[in-house]
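S.K.: I am sharing protein36.cif, which consists of mmCIF, C-alpha atoms; chains and numbers go by the auth columns:
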```
data_final
#
loop_
_atom_site.group_PDB
_atom_site.id
_atom_site.type_symbol
_atom_site.label_atom_id
_atom_site.label_comp_id
_atom_site.label_asym_id
_atom_site.label_seq_id
_atom_site.Cartn_x
_atom_site.Cartn_y
_atom_site.Cartn_z
_atom_site.B_iso_or_equiv
_atom_site.auth_seq_id
_atom_site.auth_asym_id
ATOM 1 C CA GLY A 1 -135.791 -5.805 -185.659 0.00 152 A
ATOM 2 C CA GLU A 2 -133.332 -7.608 -183.439 0.00 153 A
ATOM 3 C CA ASN A 3 -130.140 -5.854 -182.294 0.00 154 A
ATOM 4 C CA VAL A 4 -127.159 -7.711 -180.804 0.00 155 A
ATOM 5 C CA GLU A 5 -124.371 -5.941 -178.934 0.00 156 A
ATOM 6 C CA GLN A 6 -121.100 -7.777 -178.190 0.00 157 A
ATOM 7 C CA HIS A 7 -118.316 -6.861 -175.746 0.00 158 A
ATOM 8 C CA PRO A 8 -115.401 -6.566 -175.544 0.00 159 A
ATOM 9 C CA SER A 9 -114.232 -5.880 -179.098 0.00 160 A
ATOM 10 C CA THR A 10 -110.751 -7.172 -178.246 0.00 161 A
ATOM 11 C CA LEU A 11 -109.615 -9.520 -175.495 0.00 162 A
ATOM 12 C CA SER A 12 -106.066 -10.516 -174.670 0.00 163 A
ATOM 13 C CA VAL A 13 -105.322 -13.335 -172.194 0.00 164 A
ATOM 14 C CA GLN A 14 -102.416 -15.515 -171.136 0.00 165 A
ATOM 15 C CA GLU A 15 -102.447 -19.176 -172.032 0.00 166 A
ATOM 16 C CA GLY A 16 -104.308 -21.109 -169.369 0.00 167 A
ATOM 17 C CA ASP A 17 -106.467 -18.173 -168.297 0.00 168 A
ATOM 18 C CA SER A 18 -110.216 -17.996 -168.859 0.00 169 A
ATOM 19 C CA ALA A 19 -111.907 -15.736 -171.410 0.00 170 A
ATOM 20 C CA VAL A 20 -115.446 -14.375 -171.246 0.00 171 A
ATOM 21 C CA ILE A 21 -117.326 -12.645 -174.063 0.00 172 A
ATOM 22 C CA LYS A 22 -120.731 -11.091 -173.452 0.00 173 A
ATOM 23 C CA CYS A 23 -123.657 -10.304 -175.729 0.00 174 A
ATOM 24 C CA THR A 24 -126.986 -8.591 -175.194 0.00 175 A
ATOM 25 C CA TYR A 25 -130.018 -8.805 -177.453 0.00 176 A
ATOM 26 C CA SER A 26 -133.006 -6.528 -177.781 0.00 177 A
ATOM 27 C CA ASP A 27 -135.988 -8.723 -178.663 0.00 178 A
ATOM 28 C CA SER A 28 -137.306 -11.057 -175.999 0.00 179 A
ATOM 29 C CA ALA A 29 -138.804 -13.294 -178.725 0.00 180 A
ATOM 30 C CA SER A 30 -135.319 -14.454 -179.801 0.00 181 A
ATOM 31 C CA ASN A 31 -134.937 -18.127 -178.996 0.00 182 A
ATOM 32 C CA TYR A 32 -131.672 -19.395 -180.466 0.00 183 A
ATOM 33 C CA PHE A 33 -128.178 -18.135 -179.670 0.00 184 A
ATOM 34 C CA PRO A 34 -125.165 -19.600 -181.515 0.00 185 A
ATOM 35 C CA TRP A 35 -121.503 -18.709 -181.123 0.00 186 A
ATOM 36 C CA TYR A 36 -119.127 -18.792 -184.075 0.00 187 A
ATOM 37 C CA LYS A 37 -115.338 -18.831 -184.317 0.00 188 A
ATOM 38 C CA GLN A 38 -113.730 -17.273 -187.367 0.00 189 A
ATOM 39 C CA GLU A 39 -110.085 -17.867 -188.194 0.00 190 A
ATOM 40 C CA LEU A 40 -108.189 -15.669 -190.617 0.00 191 A
ATOM 41 C CA GLY A 41 -109.314 -16.167 -194.192 0.00 192 A
ATOM 42 C CA LYS A 42 -112.012 -18.650 -193.239 0.00 193 A
ATOM 43 C CA GLY A 43 -115.744 -18.634 -192.785 0.00 194 A
ATOM 44 C CA PRO A 44 -117.375 -18.685 -189.329 0.00 195 A
ATOM 45 C CA GLN A 45 -117.587 -22.090 -187.667 0.00 196 A
ATOM 46 C CA LEU A 46 -120.205 -22.950 -185.074 0.00 197 A
ATOM 47 C CA ILE A 47 -118.609 -23.801 -181.734 0.00 198 A
ATOM 48 C CA ILE A 48 -121.628 -23.951 -179.429 0.00 199 A
ATOM 49 C CA ASP A 49 -125.258 -22.887 -179.367 0.00 200 A
ATOM 50 C CA ILE A 50 -128.015 -22.554 -176.788 0.00 201 A
ATOM 51 C CA ARG A 51 -131.786 -22.405 -177.017 0.00 202 A
ATOM 52 C CA SER A 52 -134.075 -20.271 -174.912 0.00 203 A
ATOM 53 C CA ASN A 53 -135.360 -23.205 -172.854 0.00 204 A
ATOM 54 C CA VAL A 54 -131.866 -23.854 -171.424 0.00 205 A
ATOM 55 C CA GLY A 55 -129.836 -21.684 -169.046 0.00 206 A
ATOM 56 C CA GLU A 56 -126.394 -23.172 -169.575 0.00 207 A
ATOM 57 C CA LYS A 57 -124.613 -25.534 -171.950 0.00 208 A
ATOM 58 C CA LYS A 58 -121.096 -26.882 -171.798 0.00 209 A
ATOM 59 C CA ASP A 59 -118.816 -28.638 -174.283 0.00 210 A
ATOM 60 C CA GLN A 60 -115.373 -29.453 -172.876 0.00 211 A
ATOM 61 C CA ARG A 61 -113.592 -26.099 -172.362 0.00 212 A
ATOM 62 C CA ILE A 62 -116.413 -24.027 -173.794 0.00 213 A
ATOM 63 C CA ALA A 63 -119.628 -23.028 -172.056 0.00 214 A
ATOM 64 C CA VAL A 64 -122.458 -20.658 -172.813 0.00 215 A
ATOM 65 C CA THR A 65 -124.904 -19.133 -170.325 0.00 216 A
ATOM 66 C CA LEU A 66 -128.207 -17.452 -171.099 0.00 217 A
ATOM 67 C CA ASN A 67 -130.170 -15.004 -168.942 0.00 218 A
ATOM 68 C CA LYS A 68 -133.515 -14.473 -170.656 0.00 219 A
ATOM 69 C CA THR A 69 -134.743 -11.957 -168.098 0.00 220 A
ATOM 70 C CA ALA A 70 -131.750 -9.696 -168.638 0.00 221 A
ATOM 71 C CA LYS A 71 -131.547 -10.605 -172.358 0.00 222 A
ATOM 72 C CA HIS A 72 -127.889 -11.442 -172.319 0.00 223 A
ATOM 73 C CA PHE A 73 -125.743 -14.475 -173.003 0.00 224 A
ATOM 74 C CA SER A 74 -122.052 -15.170 -172.539 0.00 225 A
ATOM 75 C CA LEU A 75 -119.315 -17.410 -173.897 0.00 226 A
ATOM 76 C CA HIS A 76 -116.819 -18.832 -171.418 0.00 227 A
ATOM 77 C CA ILE A 77 -113.575 -20.448 -172.547 0.00 228 A
ATOM 78 C CA THR A 78 -111.480 -22.074 -169.840 0.00 229 A
ATOM 79 C CA GLU A 79 -107.821 -23.116 -169.974 0.00 230 A
ATOM 80 C CA THR A 80 -107.268 -21.050 -173.110 0.00 231 A
ATOM 81 C CA GLN A 81 -104.727 -22.195 -175.679 0.00 232 A
ATOM 82 C CA PRO A 82 -102.967 -20.265 -178.462 0.00 233 A
ATOM 83 C CA GLU A 83 -105.142 -22.053 -181.028 0.00 234 A
ATOM 84 C CA ASP A 84 -108.186 -20.410 -179.436 0.00 235 A
ATOM 85 C CA SER A 85 -106.967 -17.098 -180.916 0.00 236 A
ATOM 86 C CA ALA A 86 -109.581 -16.003 -183.470 0.00 237 A
ATOM 87 C CA VAL A 87 -112.577 -13.716 -183.913 0.00 238 A
ATOM 88 C CA TYR A 88 -115.669 -14.841 -182.028 0.00 239 A
ATOM 89 C CA PHE A 89 -119.197 -13.832 -182.990 0.00 240 A
ATOM 90 C CA CYS A 90 -122.424 -14.209 -181.074 0.00 241 A
ATOM 91 C CA ALA A 91 -125.753 -14.244 -182.861 0.00 242 A
ATOM 92 C CA ALA A 92 -129.454 -14.379 -182.124 0.00 243 A
ATOM 93 C CA SER A 93 -132.389 -15.694 -184.076 0.00 244 A
ATOM 94 C CA LEU A 94 -135.827 -14.182 -183.824 0.00 245 A
ATOM 95 C CA ALA A 95 -138.755 -16.533 -184.333 0.00 246 A
ATOM 96 C CA ASN A 96 -141.307 -15.240 -186.841 0.00 247 A
ATOM 97 C CA ALA A 97 -144.845 -14.628 -185.657 0.00 248 A
ATOM 98 C CA GLY A 98 -145.947 -17.891 -187.228 0.00 249 A
ATOM 99 C CA GLY A 99 -143.341 -19.768 -185.231 0.00 250 A
ATOM 100 C CA THR A 100 -140.976 -20.397 -188.135 0.00 251 A
ATOM 101 C CA SER A 101 -137.752 -18.449 -187.912 0.00 252 A
ATOM 102 C CA TYR A 102 -136.204 -19.498 -191.217 0.00 253 A
ATOM 103 C CA GLY A 103 -132.986 -19.473 -189.229 0.00 254 A
ATOM 104 C CA LYS A 104 -132.221 -15.820 -189.895 0.00 255 A
ATOM 105 C CA LEU A 105 -129.385 -14.671 -187.639 0.00 256 A
ATOM 106 C CA THR A 106 -128.470 -11.229 -186.303 0.00 257 A
ATOM 107 C CA PHE A 107 -124.769 -11.097 -185.437 0.00 258 A
ATOM 108 C CA GLY A 108 -122.817 -9.139 -182.864 0.00 259 A
ATOM 109 C CA GLN A 109 -119.827 -7.083 -183.959 0.00 260 A
ATOM 110 C CA GLY A 110 -117.232 -9.702 -183.018 0.00 261 A
ATOM 111 C CA THR A 111 -114.467 -10.094 -180.424 0.00 262 A
ATOM 112 C CA ILE A 112 -110.830 -10.555 -181.392 0.00 263 A
ATOM 113 C CA LEU A 113 -109.406 -13.014 -178.860 0.00 264 A
ATOM 114 C CA THR A 114 -105.631 -13.277 -178.558 0.00 265 A
ATOM 115 C CA VAL A 115 -104.113 -15.974 -176.344 0.00 266 A
ATOM 116 C CA HIS A 116 -100.456 -15.343 -175.534 0.00 267 A
ATOM 117 C CA PRO A 117 -98.217 -18.393 -174.944 0.00 268 A
ATOM 118 C CA ASN B 1 -117.221 -33.760 -197.630 0.00 205 B
ATOM 119 C CA ALA B 2 -117.216 -30.342 -199.325 0.00 206 B
ATOM 120 C CA GLY B 3 -120.013 -28.612 -197.358 0.00 207 B
ATOM 121 C CA VAL B 4 -120.554 -25.056 -198.672 0.00 208 B
ATOM 122 C CA THR B 5 -118.353 -24.016 -201.593 0.00 209 B
ATOM 123 C CA GLN B 6 -117.991 -20.419 -202.753 0.00 210 B
ATOM 124 C CA THR B 7 -116.341 -19.169 -205.934 0.00 211 B
ATOM 125 C CA PRO B 8 -114.392 -17.096 -206.692 0.00 212 B
ATOM 126 C CA LYS B 9 -112.296 -16.582 -203.551 0.00 213 B
ATOM 127 C CA PHE B 10 -111.105 -13.133 -204.631 0.00 214 B
ATOM 128 C CA ARG B 11 -112.286 -10.640 -207.219 0.00 215 B
ATOM 129 C CA ILE B 12 -111.604 -7.034 -208.167 0.00 216 B
ATOM 130 C CA LEU B 13 -114.315 -5.199 -210.074 0.00 217 B
ATOM 131 C CA LYS B 14 -114.541 -1.767 -211.613 0.00 218 B
ATOM 132 C CA ILE B 15 -117.413 0.527 -210.673 0.00 219 B
ATOM 133 C CA GLY B 16 -120.465 -0.278 -212.759 0.00 220 B
ATOM 134 C CA GLN B 17 -119.425 -3.818 -213.656 0.00 221 B
ATOM 135 C CA SER B 18 -121.570 -6.792 -212.783 0.00 222 B
ATOM 136 C CA MET B 19 -120.742 -10.239 -211.484 0.00 223 B
ATOM 137 C CA THR B 20 -122.228 -13.330 -209.916 0.00 224 B
ATOM 138 C CA LEU B 21 -120.910 -14.886 -206.727 0.00 225 B
ATOM 139 C CA GLN B 22 -121.441 -18.616 -206.778 0.00 226 B
ATOM 140 C CA CYS B 23 -122.478 -20.774 -203.829 0.00 227 B
ATOM 141 C CA THR B 24 -123.213 -24.474 -203.788 0.00 228 B
ATOM 142 C CA GLN B 25 -123.832 -26.919 -200.953 0.00 229 B
ATOM 143 C CA ASP B 26 -123.850 -30.706 -200.932 0.00 230 B
ATOM 144 C CA MET B 27 -125.708 -31.284 -197.645 0.00 231 B
ATOM 145 C CA ASN B 28 -129.223 -31.213 -199.156 0.00 232 B
ATOM 146 C CA HIS B 29 -130.081 -28.213 -196.987 0.00 233 B
ATOM 147 C CA ASN B 30 -133.278 -26.350 -197.757 0.00 234 B
ATOM 148 C CA TYR B 31 -132.229 -23.047 -196.206 0.00 235 B
ATOM 149 C CA MET B 32 -129.487 -20.897 -197.715 0.00 236 B
ATOM 150 C CA TYR B 33 -128.253 -17.404 -196.864 0.00 237 B
ATOM 151 C CA TRP B 34 -125.980 -14.652 -198.120 0.00 238 B
ATOM 152 C CA TYR B 35 -124.174 -12.367 -195.678 0.00 239 B
ATOM 153 C CA ARG B 36 -121.684 -9.567 -196.083 0.00 240 B
ATOM 154 C CA GLN B 37 -118.952 -8.792 -193.572 0.00 241 B
ATOM 155 C CA ASP B 38 -117.409 -5.350 -193.509 0.00 242 B
ATOM 156 C CA PRO B 39 -114.091 -4.753 -191.686 0.00 243 B
ATOM 157 C CA GLY B 40 -114.485 -4.861 -187.911 0.00 244 B
ATOM 158 C CA MET B 41 -118.179 -5.620 -188.178 0.00 245 B
ATOM 159 C CA GLY B 42 -120.430 -8.590 -187.777 0.00 246 B
ATOM 160 C CA LEU B 43 -122.199 -10.326 -190.625 0.00 247 B
ATOM 161 C CA LYS B 44 -125.306 -8.748 -192.116 0.00 248 B
ATOM 162 C CA LEU B 45 -127.942 -10.783 -193.961 0.00 249 B
ATOM 163 C CA ILE B 46 -128.431 -9.814 -197.618 0.00 250 B
ATOM 164 C CA TYR B 47 -130.891 -12.446 -198.906 0.00 251 B
ATOM 165 C CA TYR B 48 -132.073 -15.859 -197.892 0.00 252 B
ATOM 166 C CA SER B 49 -133.939 -18.787 -199.426 0.00 253 B
ATOM 167 C CA VAL B 50 -136.046 -21.483 -197.805 0.00 254 B
ATOM 168 C CA GLY B 51 -136.143 -23.729 -200.862 0.00 255 B
ATOM 169 C CA ALA B 52 -135.871 -23.858 -204.628 0.00 256 B
ATOM 170 C CA GLY B 53 -137.847 -21.004 -206.174 0.00 257 B
ATOM 171 C CA ILE B 54 -138.316 -19.132 -202.863 0.00 258 B
ATOM 172 C CA THR B 55 -136.173 -16.154 -201.882 0.00 259 B
ATOM 173 C CA ASP B 56 -136.631 -13.154 -199.612 0.00 260 B
ATOM 174 C CA LYS B 57 -134.793 -10.009 -198.575 0.00 261 B
ATOM 175 C CA GLY B 58 -132.630 -9.743 -195.505 0.00 262 B
ATOM 176 C CA GLU B 59 -131.351 -6.655 -193.736 0.00 263 B
ATOM 177 C CA VAL B 60 -129.218 -5.158 -196.562 0.00 264 B
ATOM 178 C CA PRO B 61 -130.613 -6.309 -199.972 0.00 265 B
ATOM 179 C CA ASN B 62 -130.163 -3.114 -202.008 0.00 266 B
ATOM 180 C CA GLY B 63 -127.867 -3.554 -205.003 0.00 267 B
ATOM 181 C CA TYR B 64 -128.120 -7.349 -205.014 0.00 268 B
ATOM 182 C CA ASN B 65 -130.274 -10.046 -206.557 0.00 269 B
ATOM 183 C CA VAL B 66 -130.535 -13.766 -205.969 0.00 270 B
ATOM 184 C CA SER B 67 -132.125 -16.819 -207.518 0.00 271 B
ATOM 185 C CA ARG B 68 -132.608 -20.391 -206.330 0.00 272 B
ATOM 186 C CA SER B 69 -133.353 -22.790 -209.150 0.00 273 B
ATOM 187 C CA THR B 70 -131.989 -25.883 -207.400 0.00 274 B
ATOM 188 C CA THR B 71 -131.565 -27.010 -203.797 0.00 275 B
ATOM 189 C CA GLU B 72 -127.786 -26.983 -204.180 0.00 276 B
ATOM 190 C CA ASP B 73 -127.108 -23.556 -205.708 0.00 277 B
ATOM 191 C CA PHE B 74 -127.789 -20.030 -204.503 0.00 278 B
ATOM 192 C CA PRO B 75 -125.946 -17.408 -206.621 0.00 279 B
ATOM 193 C CA LEU B 76 -125.723 -13.741 -205.623 0.00 280 B
ATOM 194 C CA ARG B 77 -125.756 -11.143 -208.400 0.00 281 B
ATOM 195 C CA LEU B 78 -124.298 -7.630 -208.296 0.00 282 B
ATOM 196 C CA GLU B 79 -125.689 -5.677 -211.252 0.00 283 B
ATOM 197 C CA LEU B 80 -123.936 -2.285 -210.999 0.00 284 B
ATOM 198 C CA ALA B 81 -120.974 -2.603 -208.657 0.00 285 B
ATOM 199 C CA ALA B 82 -120.417 0.321 -206.290 0.00 286 B
ATOM 200 C CA PRO B 83 -117.495 0.992 -203.893 0.00 287 B
ATOM 201 C CA SER B 84 -119.885 0.481 -200.958 0.00 288 B
ATOM 202 C CA GLN B 85 -120.172 -3.165 -201.990 0.00 289 B
ATOM 203 C CA THR B 86 -116.507 -3.809 -201.222 0.00 290 B
ATOM 204 C CA SER B 87 -116.771 -6.517 -198.588 0.00 291 B
ATOM 205 C CA VAL B 88 -116.336 -10.188 -197.804 0.00 292 B
ATOM 206 C CA TYR B 89 -119.368 -12.239 -198.817 0.00 293 B
ATOM 207 C CA PHE B 90 -120.319 -15.441 -197.050 0.00 294 B
ATOM 208 C CA CYS B 91 -122.825 -18.043 -198.104 0.00 295 B
ATOM 209 C CA ALA B 92 -124.346 -20.385 -195.529 0.00 296 B
ATOM 210 C CA SER B 93 -126.833 -23.225 -195.428 0.00 297 B
ATOM 211 C CA SER B 94 -128.852 -25.067 -192.821 0.00 298 B
ATOM 212 C CA GLY B 95 -131.426 -27.800 -192.580 0.00 299 B
ATOM 213 C CA ALA B 96 -135.102 -26.816 -192.541 0.00 300 B
ATOM 214 C CA SER B 97 -135.934 -25.911 -188.993 0.00 301 B
ATOM 215 C CA GLY B 98 -139.645 -25.336 -188.651 0.00 302 B
ATOM 216 C CA THR B 99 -139.792 -23.810 -185.202 0.00 303 B
ATOM 217 C CA ARG B 100 -136.373 -25.155 -184.138 0.00 304 B
ATOM 218 C CA ASN B 101 -133.266 -23.481 -185.560 0.00 305 B
ATOM 219 C CA GLN B 102 -130.594 -25.658 -187.103 0.00 306 B
ATOM 220 C CA PRO B 103 -126.909 -24.644 -187.201 0.00 307 B
ATOM 221 C CA GLN B 104 -125.744 -22.705 -190.220 0.00 308 B
ATOM 222 C CA HIS B 105 -122.706 -23.962 -192.127 0.00 309 B
ATOM 223 C CA PHE B 106 -120.587 -21.304 -193.818 0.00 310 B
ATOM 224 C CA GLY B 107 -118.359 -21.242 -196.857 0.00 311 B
ATOM 225 C CA ASP B 108 -114.933 -19.599 -196.760 0.00 312 B
ATOM 226 C CA GLY B 109 -116.101 -16.405 -198.419 0.00 313 B
ATOM 227 C CA THR B 110 -115.521 -14.291 -201.506 0.00 314 B
ATOM 228 C CA ARG B 111 -113.375 -11.199 -200.995 0.00 315 B
ATOM 229 C CA LEU B 112 -114.636 -8.520 -203.368 0.00 316 B
ATOM 230 C CA SER B 113 -113.072 -5.123 -204.035 0.00 317 B
ATOM 231 C CA ILE B 114 -114.790 -2.461 -206.158 0.00 318 B
ATOM 232 C CA LEU B 115 -112.407 0.150 -207.532 0.00 319 B
#
```
Could I get this file's structure written as structure tokens?
M.R.:
Amino acid sequence: GENVEQHPSTLSVQEGDSAVIKCTYSDSASNYFPWYKQELGKGPQLIIDIRSNVGEKKDQRIAVTLNKTAKHFSLHITETQPEDSAVYFCAASLANAGGTSYGKLTFGQGTILTVHP
Amino acid sequence: NAGVTQTPKFRILKIGQSMTLQCTQDMNHNYMYWYRQDPGMGLKLIYYSVGAGITDKGEVPNGYNVSRSTTEDFPLRLELAAPSQTSVYFCASSGASGTRNQPQHFGDGTRLSIL
């Protein structure tokens, strides 16, 4: 099955700096890569996703890049703010042989991001 | 707009007791999922359903059962609670994707302790 590794496990930055979180996946058939933000006591919330036919996607201060050859993808947050402090999870979805994935996700272990004012 | 609603939010069980974690969604999503999140770990898929009457095992199904009698509801059943099932449980839903994944929407979780 799919295996997703996420690094670093903790990341501390100053407000205004950039933050980068990296994930690698094991199965080259994976084709969908979402990123989730989880605040304390809440469920994960989707912040951005990328599909295997795209190399980069950006949404305001957040961007995701995908390198299919190397099987890794990264989350970039620019101009970080204290409210960006949370746990971030990457995930990958492996398409079934019949082409229907049923949306099943394999998650990385999470990164605790702390943004200091 | 409620989205995915999970009840209860917290529960303490004794070893060997049983309980049902409730999950309901109001987005008319066909796909629903149950995950568990252990401290410092990512989410692991327990069971999933692609529509009413259709369920299948995920990565860690042992000790759990599910049913899906309606599109809206997807309860998770623990029959004989064990300390290893102490975790935070998340329910999620997404639109039917075919070959194109749709984003999953999560509830706020049920925090379960087995003592």
S.K.: Could you tell me which residues the PyMOL selection byres ((chain B and resi 225-232) around 10) returns for this structure, as a PyMOL selection string?
M.R.: chain B and resi 205-213+215+223-224+233-238+270+274-282+293-300+309-311+313-314+316
S.K.: Pick out the chain A residues within 9 Å of chain B. Count all atoms listed in the file. Give them as a PyMOL selection string.
M.R.: chain A and resi 160+182-183+185+192-197+200+202+240-241+244+246-247+249-261
S.K.: On this structure, which residues satisfy the PyMOL selection byres ((chain A and resi 166) around 9), written as a ChimeraX atom specification?
M.R.: /A:164-165,167-169,230-233,266-268
S.K.: Neighbouring residues of Glu207 (chain A) were defined as those with any atom within 7 Å, considering only C-alpha atoms; residues of the same chain fewer than 6 positions away were excluded. Please report them as a list in words.
M.R.: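 So the residues in contact are Val215, Thr216 and Leu217 of chain A.
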S.K.: By how many Å are CA of Thr265 (chain A) and CA of Tyr239 (chain A) apart?
M.R.: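 Pair CA of Thr265 (chain A) / CA of Tyr239 (chain A) returns 10.7 Å.
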S.K.: How many Å separate CA of Leu284 (chain B) from CA of Asp260 (chain B)?
M.R.: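 Straight-line distance from CA of Leu284 (chain B) to CA of Asp260 (chain B) works out to 20.2 Å.
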S.K.: Determine, counting all atoms listed in the file, which protein, DNA and RNA residues have an atom within 9 Å of an atom of Ala286 (chain B); residues of the same chain fewer than 6 positions away are not included. Present the result as a PDB file with C-alpha atoms, keeping the file's coordinate frame.
M.R.:
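As written to disk, result06.pdb reads:
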```
ATOM      1  CA  LYS B 218    -114.541  -1.767-211.613  1.00  0.00           C
ATOM      2  CA  ILE B 219    -117.413   0.527-210.673  1.00  0.00           C
ATOM      3  CA  GLY B 220    -120.465  -0.278-212.759  1.00  0.00           C
ATOM      4  CA  GLN B 221    -119.425  -3.818-213.656  1.00  0.00           C
ATOM      5  CA  GLY B 267    -127.867  -3.554-205.003  1.00  0.00           C
ATOM      6  CA  ILE B 318    -114.790  -2.461-206.158  1.00  0.00           C
ATOM      7  CA  LEU B 319    -112.407   0.150-207.532  1.00  0.00           C
TER       8      LEU B 319
END
```
S.K.: From the options A:Ile199, A:Arg212, A:Val238, A:Ala243, which residue's atoms come nearest to Asp178 (chain A), counting only C-alpha atoms?
M.R.: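 Ranking A:Ile199, A:Arg212, A:Val238, A:Ala243 by distance to Asp178 (chain A), first place goes to A:Ala243.
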S.K.: Measure the distance from CA of Ile198 (chain A) to CA of Ala170 (chain A) in Å and round it to one decimal.
M.R.: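 Here the two named atoms are 14.7 Å from each other.
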S.K.: Taking all atoms of region 278-281 of chain B that the file lists and extending 3 Å past them on each side, where is the centre of the axis-aligned box and how long are its edges? Answer in Å to one decimal, as lines of an AutoDock Vina configuration file.
M.R.:
```
center_x = -126.8
center_y = -15.6
center_z = -206.5
size_x = 8.1
size_y = 14.9
size_z = 9.9
```
S.K.: For the structure shown, which residues end up in the PyMOL selection byres ((chain A and resi 223) around 10)? Put them as a list of chain:residue names, please?
M.R.: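 Selected by the PyMOL selection byres ((chain A and resi 223) around 10) here: A:Val155, A:Glu156, A:Gln157, A:Lys173, A:Cys174, A:Thr175, A:Tyr176, A:Ser177, A:Phe184, A:Thr216, A:Leu217, A:Asn218, A:Lys219, A:Thr220, A:Ala221, A:Lys222, A:Phe224, A:Ser225.
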S.K.: Identify which of the residues A:Val171, A:Ala237, A:Leu245, A:Ala180 lies closest to Ala214 (chain A), counting only C-alpha atoms when measuring atom-to-atom distances.
M.R.: A:Val171
S.K.: Complete region 209-214 of chain B with all heavy atoms (output as a PDB file, in the frame of the given file).
M.R.:
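The new file selection17.pdb reads:
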```
ATOM      1  N   THR B 209    -119.463 -24.442-200.749  1.00  0.00           N
ATOM      2  CA  THR B 209    -118.353 -24.016-201.593  1.00  0.00           C
ATOM      3  C   THR B 209    -118.695 -22.698-202.276  1.00  0.00           C
ATOM      4  O   THR B 209    -119.738 -22.581-202.922  1.00  0.00           O
ATOM      5  CB  THR B 209    -118.042 -25.073-202.664  1.00  0.00           C
ATOM      6  OG1 THR B 209    -117.737 -26.321-202.020  1.00  0.00           O
ATOM      7  CG2 THR B 209    -116.846 -24.649-203.510  1.00  0.00           C
ATOM      8  N   GLN B 210    -117.795 -21.730-202.142  1.00  0.00           N
ATOM      9  CA  GLN B 210    -117.991 -20.419-202.753  1.00  0.00           C
ATOM     10  C   GLN B 210    -116.897 -20.153-203.786  1.00  0.00           C
ATOM     11  O   GLN B 210    -115.724 -20.447-203.556  1.00  0.00           O
ATOM     12  CB  GLN B 210    -117.942 -19.308-201.704  1.00  0.00           C
ATOM     13  CG  GLN B 210    -119.094 -19.315-200.740  1.00  0.00           C
ATOM     14  CD  GLN B 210    -119.028 -18.136-199.787  1.00  0.00           C
ATOM     15  OE1 GLN B 210    -118.975 -18.316-198.581  1.00  0.00           O
ATOM     16  NE2 GLN B 210    -119.049 -16.932-200.344  1.00  0.00           N
ATOM     17  N   THR B 211    -117.302 -19.605-204.916  1.00  0.00           N
ATOM     18  CA  THR B 211    -116.341 -19.169-205.934  1.00  0.00           C
ATOM     19  C   THR B 211    -116.778 -17.837-206.512  1.00  0.00           C
ATOM     20  O   THR B 211    -117.981 -17.550-206.598  1.00  0.00           O
ATOM     21  CB  THR B 211    -116.229 -20.200-207.081  1.00  0.00           C
ATOM     22  OG1 THR B 211    -117.528 -20.424-207.649  1.00  0.00           O
ATOM     23  CG2 THR B 211    -115.643 -21.503-206.586  1.00  0.00           C
ATOM     24  N   PRO B 212    -115.830 -16.946-206.906  1.00  0.00           N
ATOM     25  CA  PRO B 212    -114.392 -17.096-206.692  1.00  0.00           C
ATOM     26  C   PRO B 212    -114.014 -16.770-205.250  1.00  0.00           C
ATOM     27  O   PRO B 212    -114.851 -16.318-204.478  1.00  0.00           O
ATOM     28  CB  PRO B 212    -113.816 -16.068-207.656  1.00  0.00           C
ATOM     29  CG  PRO B 212    -114.831 -14.968-207.658  1.00  0.00           C
ATOM     30  CD  PRO B 212    -116.165 -15.656-207.551  1.00  0.00           C
ATOM     31  N   LYS B 213    -112.765 -16.954-204.882  1.00  0.00           N
ATOM     32  CA  LYS B 213    -112.296 -16.582-203.551  1.00  0.00           C
ATOM     33  C   LYS B 213    -111.959 -15.095-203.480  1.00  0.00           C
ATOM     34  O   LYS B 213    -112.114 -14.472-202.435  1.00  0.00           O
ATOM     35  CB  LYS B 213    -111.063 -17.408-203.172  1.00  0.00           C
ATOM     36  CG  LYS B 213    -111.348 -18.886-203.009  1.00  0.00           C
ATOM     37  CD  LYS B 213    -110.141 -19.628-202.459  1.00  0.00           C
ATOM     38  CE  LYS B 213    -110.393 -21.117-202.386  1.00  0.00           C
ATOM     39  NZ  LYS B 213    -111.555 -21.448-201.546  1.00  0.00           N
ATOM     40  N   PHE B 214    -111.472 -14.548-204.567  1.00  0.00           N
ATOM     41  CA  PHE B 214    -111.105 -13.133-204.631  1.00  0.00           C
ATOM     42  C   PHE B 214    -111.573 -12.570-205.972  1.00  0.00           C
ATOM     43  O   PHE B 214    -111.566 -13.280-206.975  1.00  0.00           O
ATOM     44  CB  PHE B 214    -109.583 -12.918-204.530  1.00  0.00           C
ATOM     45  CG  PHE B 214    -108.947 -13.530-203.332  1.00  0.00           C
ATOM     46  CD1 PHE B 214    -108.386 -14.789-203.393  1.00  0.00           C
ATOM     47  CD2 PHE B 214    -108.880 -12.834-202.143  1.00  0.00           C
ATOM     48  CE1 PHE B 214    -107.785 -15.370-202.284  1.00  0.00           C
ATOM     49  CE2 PHE B 214    -108.276 -13.389-201.025  1.00  0.00           C
ATOM     50  CZ  PHE B 214    -107.736 -14.670-201.094  1.00  0.00           C
TER      51      PHE B 214
END
```
